[in-house]
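Worksheet: the structure to be examined is printed underneath.
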Amino acid sequence: MNHLIRGVFLKVCCPFAFGFGWLFRIKKWRLQKFMINVNNRLVLNSGPAKVKNLLLLLPHCIQNSDCKIRITRNVYNCEGCGKCIIKDFTQLAKEINLPLFVATGGTIARRIVDDTKSDAIVAVACERDLIGGLIDTYPLPVLGVTNDRPFGPCFNTSVDIEKVKDAIKFFAGKGSA
Ligand code: SF4
């Protein structure tokens with residue numbers, strides 16, 4: 001039931017809410033944050049479907065801007081210098097054998113989801129990209145974790161890895177990793 005409610009929420013209520021927000025000058029990021037929270041709540045309260053292929057998706061802006069290593073084709077090109085949190089994520093993904101990808105945008109993210117044939121996703125991104133991804137990838141269950149942007153948008157961002165681990169643990173309890 002939560003699954004259907006999530007569909008109606010993402011495909012009908014969210015576009016409507018954006019129009020409503022524009023009309024009443026509600027800040028877009030506030031609406032997006034609210035929508036991501038509702039989505040996550042509905043996923044967390046959903047039934048016990050089995051998850052076999054969980055995918056962890058990170059945004060490219062989480063890589064240190066001075067790092068010249070190309071990690072979008074293979075995140076394990078990371079040399080683990082520790083200047084950004086990619087090091088921690090590669091270690092985590094190796095430990096639990098979890099597919100980990102870094103996407104430069106929504107189109108690439110969608111291609112990764114198709115190629116990996118994932119049946120659930122933990123995605124890290126800004127509010128705007130997350131809500132777009134949630135709408136696009138429905139009916140796949142996706143838990144979204146918003147990134148931290150201490151230097152402004154799209155530049156040397158980070159994320160609380162414990163929140164990401166919690167989301168992974170939730171899906172792992174459904175048969176994955
Ligand atoms: S941890 Fe990896 S991706 Fe981040 S700056 Fe160092 S080598 Fe580059």
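By convention in this document, the chains of the structure tokens carry letters A, B, ... by their order, each chain's residues are numbered from 1, and ligands are numbered from 1 in the order they are shown.
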
Notebook entry, point to check: Which protein, DNA or RNA residues have an atom within 8 Å of ligand 1, counting only C-alpha atoms and all ligand atoms, as number ranges by chain?
Noted result: A: 63-69, 71, 75, 77-88

Do a neighbour search on stretch 24-32 of chain A at 9 Å with only C-alpha atoms, toss out local chain neighbours closer than 3 positions, and write the hits as a CSV table (one decimal) with N, CA and C atoms, in the first residue's frame.
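Result written to around.csv:
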chain,number,residue,atom,x,y,z
A,14,CYS,N,3.9,15.8,-5.9
A,14,CYS,CA,5.1,16.6,-6.0
A,14,CYS,C,5.0,17.7,-7.1
A,17,ALA,N,2.7,20.2,-5.9
A,17,ALA,CA,3.2,21.0,-4.8
A,17,ALA,C,4.2,22.1,-5.3
A,18,PHE,N,4.9,21.8,-6.4
A,18,PHE,CA,5.9,22.7,-6.9
A,18,PHE,C,5.1,24.0,-7.5
A,19,GLY,N,4.0,23.7,-8.1
A,19,GLY,CA,3.1,24.8,-8.6
A,19,GLY,C,2.6,25.6,-7.5
A,20,PHE,N,2.2,24.9,-6.5
A,20,PHE,CA,1.6,25.5,-5.2
A,20,PHE,C,2.7,26.4,-4.6
A,21,GLY,N,3.9,25.8,-4.5
A,21,GLY,CA,5.0,26.5,-3.9
A,21,GLY,C,5.4,27.8,-4.6
A,35,MET,N,9.7,16.7,0.6
A,35,MET,CA,9.3,15.6,-0.3
A,35,MET,C,10.2,14.4,-0.1
A,36,ILE,N,11.5,14.7,0.0
A,36,ILE,CA,12.5,13.6,0.2
A,36,ILE,C,12.2,12.9,1.5
A,37,ASN,N,11.9,13.6,2.6
A,37,ASN,CA,11.6,13.0,3.9
A,37,ASN,C,10.3,12.2,3.8
A,127,GLU,N,19.1,18.4,-2.9
A,127,GLU,CA,17.6,18.2,-2.9
A,127,GLU,C,17.1,18.1,-4.3
A,128,ARG,N,17.5,19.0,-5.1
A,128,ARG,CA,17.0,19.1,-6.5
A,128,ARG,C,17.2,17.8,-7.3
A,130,LEU,N,18.0,14.9,-6.1
A,130,LEU,CA,17.4,13.8,-5.4
A,130,LEU,C,15.9,13.6,-5.8
A,131,ILE,N,15.2,14.7,-5.7
A,131,ILE,CA,13.7,14.6,-6.0
A,131,ILE,C,13.5,14.3,-7.4

Next item on the list: Return the single residue from A:Ile96, A:Ile62, A:Leu56, A:Val113 that is closest to A:Val164, with distances computed using only C-alpha atoms.
Entry: A:Leu56

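Between atom CA of A:Val38 and atom CA of A:Ser158 there is a distance of 22.6 Å.
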
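The gap separating atom CA of A:Ile112 from atom CA of A:Leu42 is 24.0 Å, in Å to one decimal.
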
Notebook entry, point to check: From the set A:Val145, A:Met1, A:Val8, A:Leu44, which residue has the shortest atom-to-atom contact distance to A:Cys126, counting only C-alpha atoms?
Noted result: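 So, comparing all the options, the nearest one is A:Val145.
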
Check: Of the candidates A:Thr107, A:Asp119, A:Leu58, A:Lys169, which one gets nearest to A:Thr90 if we count only C-alpha atoms?
Finding: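 For A:Thr90, the nearest of the candidates is A:Leu58.
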
Notebook entry, point to check: So how far away is atom CA of A:Gly144 from atom CA of A:Thr116, in Å?
Noted result: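 For atom CA of A:Thr116 relative to atom CA of A:Gly144, the distance reads 18.2 Å.
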